[in-house]
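Novice: The structure's right below; bear with me while I get my questions together.
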Amino acid sequence: MPKSKITQSSGVPQSSSSAANRTPVKINSEGTPKWYIAIMLGLMVIGLLWLVVNYLAGESIPFMQELGAWNYGIGFGLAIIGLLMTMGWR
């Protein structure tokens, strides 16, 4: 097994990335707006409801019957968009 290298010795000055040289960064502490959270959760719920309605009563609803297999794409697409929006939630 190779030996670890010594990165600092007593005679070498510290690098420029030390804690004393760093500038503080202000973090946006406002959080996510309420409308963003409402849309995010709404898309996930609507996507889930679309899939459930398609599964239970899709054959008796005319426009869902015309869409056929696209109902799965619509339902999963809405839910995935809502899930992707969670990455922007703070």
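All residue names refer to the structure tokens as shown: chains lettered A, B, ... in order, residues numbered from 1 in each chain, ligands numbered from 1 in order.
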Identify all residues of segment 18-53 of chain A in alpha helix (DSSP H) (DSSP on the backbone) and supply them as a ChimeraX atom specification.

Specialist: /A:34-53

Novice: Take the residues just selected and output them with N, CA, C and O atoms as an mmCIF file, in the first residue's frame.

Specialist:
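Generated output (out_18.cif):
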data_model
loop_
_atom_site.group_PDB
_atom_site.id
_atom_site.type_symbol
_atom_site.label_atom_id
_atom_site.label_comp_id
_atom_site.auth_asym_id
_atom_site.auth_seq_id
_atom_site.Cartn_x
_atom_site.Cartn_y
_atom_site.Cartn_z
ATOM 1 N N LYS A 34 -45.116 30.221 -1.876
ATOM 2 C CA LYS A 34 -46.256 29.321 -1.641
ATOM 3 C C LYS A 34 -46.854 28.813 -2.957
ATOM 4 O O LYS A 34 -47.278 27.664 -3.047
ATOM 5 N N TRP A 35 -46.850 29.662 -4.001
ATOM 6 C CA TRP A 35 -47.443 29.249 -5.263
ATOM 7 C C TRP A 35 -46.627 28.125 -5.903
ATOM 8 O O TRP A 35 -47.176 27.246 -6.552
ATOM 9 N N TYR A 36 -45.304 28.133 -5.710
ATOM 10 C CA TYR A 36 -44.447 27.090 -6.270
ATOM 11 C C TYR A 36 -44.768 25.745 -5.619
ATOM 12 O O TYR A 36 -44.890 24.725 -6.300
ATOM 13 N N ILE A 37 -44.909 25.763 -4.292
ATOM 14 C CA ILE A 37 -45.223 24.528 -3.570
ATOM 15 C C ILE A 37 -46.604 24.018 -3.960
ATOM 16 O O ILE A 37 -46.799 22.816 -4.144
ATOM 17 N N ALA A 38 -47.566 24.940 -4.127
ATOM 18 C CA ALA A 38 -48.921 24.538 -4.513
ATOM 19 C C ALA A 38 -48.938 23.903 -5.902
ATOM 20 O O ALA A 38 -49.605 22.878 -6.121
ATOM 21 N N ILE A 39 -48.204 24.488 -6.835
ATOM 22 C CA ILE A 39 -48.147 23.921 -8.192
ATOM 23 C C ILE A 39 -47.450 22.565 -8.177
ATOM 24 O O ILE A 39 -47.894 21.609 -8.824
ATOM 25 N N MET A 40 -46.358 22.470 -7.423
ATOM 26 C CA MET A 40 -45.599 21.223 -7.343
ATOM 27 C C MET A 40 -46.475 20.092 -6.798
ATOM 28 O O MET A 40 -46.572 19.016 -7.412
ATOM 29 N N LEU A 41 -47.120 20.329 -5.671
ATOM 30 C CA LEU A 41 -47.976 19.304 -5.088
ATOM 31 C C LEU A 41 -49.200 19.035 -5.953
ATOM 32 O O LEU A 41 -49.644 17.885 -6.078
ATOM 33 N N GLY A 42 -49.730 20.093 -6.559
ATOM 34 C CA GLY A 42 -50.886 19.931 -7.436
ATOM 35 C C GLY A 42 -50.590 19.041 -8.633
ATOM 36 O O GLY A 42 -51.404 18.183 -8.995
ATOM 37 N N LEU A 43 -49.438 19.227 -9.251
ATOM 38 C CA LEU A 43 -49.074 18.389 -10.395
ATOM 39 C C LEU A 43 -48.919 16.924 -9.997
ATOM 40 O O LEU A 43 -49.350 16.025 -10.729
ATOM 41 N N MET A 44 -48.325 16.688 -8.837
ATOM 42 C CA MET A 44 -48.166 15.299 -8.390
ATOM 43 C C MET A 44 -49.520 14.655 -8.105
ATOM 44 O O MET A 44 -49.767 13.515 -8.503
ATOM 45 N N VAL A 45 -50.413 15.400 -7.464
ATOM 46 C CA VAL A 45 -51.742 14.852 -7.135
ATOM 47 C C VAL A 45 -52.579 14.673 -8.392
ATOM 48 O O VAL A 45 -53.244 13.642 -8.564
ATOM 49 N N ILE A 46 -52.553 15.645 -9.302
ATOM 50 C CA ILE A 46 -53.330 15.535 -10.540
ATOM 51 C C ILE A 46 -52.835 14.359 -11.382
ATOM 52 O O ILE A 46 -53.634 13.621 -11.969
ATOM 53 N N GLY A 47 -51.514 14.182 -11.440
ATOM 54 C CA GLY A 47 -50.967 13.039 -12.171
ATOM 55 C C GLY A 47 -51.419 11.720 -11.587
ATOM 56 O O GLY A 47 -51.801 10.785 -12.307
ATOM 57 N N LEU A 48 -51.394 11.625 -10.259
ATOM 58 C CA LEU A 48 -51.848 10.398 -9.601
ATOM 59 C C LEU A 48 -53.337 10.167 -9.832
ATOM 60 O O LEU A 48 -53.768 9.050 -10.151
ATOM 61 N N LEU A 49 -54.132 11.232 -9.691
ATOM 62 C CA LEU A 49 -55.578 11.103 -9.926
ATOM 63 C C LEU A 49 -55.891 10.726 -11.367
ATOM 64 O O LEU A 49 -56.815 9.948 -11.623
ATOM 65 N N TRP A 50 -55.127 11.272 -12.311
ATOM 66 C CA TRP A 50 -55.337 10.936 -13.722
ATOM 67 C C TRP A 50 -55.145 9.437 -13.940
ATOM 68 O O TRP A 50 -55.934 8.783 -14.618
ATOM 69 N N LEU A 51 -54.096 8.883 -13.337
ATOM 70 C CA LEU A 51 -53.825 7.453 -13.491
ATOM 71 C C LEU A 51 -54.896 6.607 -12.813
ATOM 72 O O LEU A 51 -55.331 5.580 -13.363
ATOM 73 N N VAL A 52 -55.340 7.026 -11.635
ATOM 74 C CA VAL A 52 -56.364 6.261 -10.910
ATOM 75 C C VAL A 52 -57.688 6.291 -11.664
ATOM 76 O O VAL A 52 -58.340 5.254 -11.830
ATOM 77 N N VAL A 53 -58.083 7.473 -12.145
ATOM 78 C CA VAL A 53 -59.340 7.572 -12.900
ATOM 79 C C VAL A 53 -59.249 6.776 -14.193
ATOM 80 O O VAL A 53 -60.204 6.091 -14.580
#

Novice: Record the distance separating atom CA of Gly88 of chain A and atom CA of Pro33 of chain A, expressed in Å with one decimal.

Specialist: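 Interatomic distance, atom CA of Gly88 of chain A to atom CA of Pro33 of chain A: 10.6 Å.
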
Novice: Pick the closest to Gly73 of chain A from A:Thr32, A:Ser4, A:Asn54, A:Asn21: which is it, counting only C-alpha atoms?

Specialist: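 Selected residue with least distance to Gly73 of chain A: A:Asn54.
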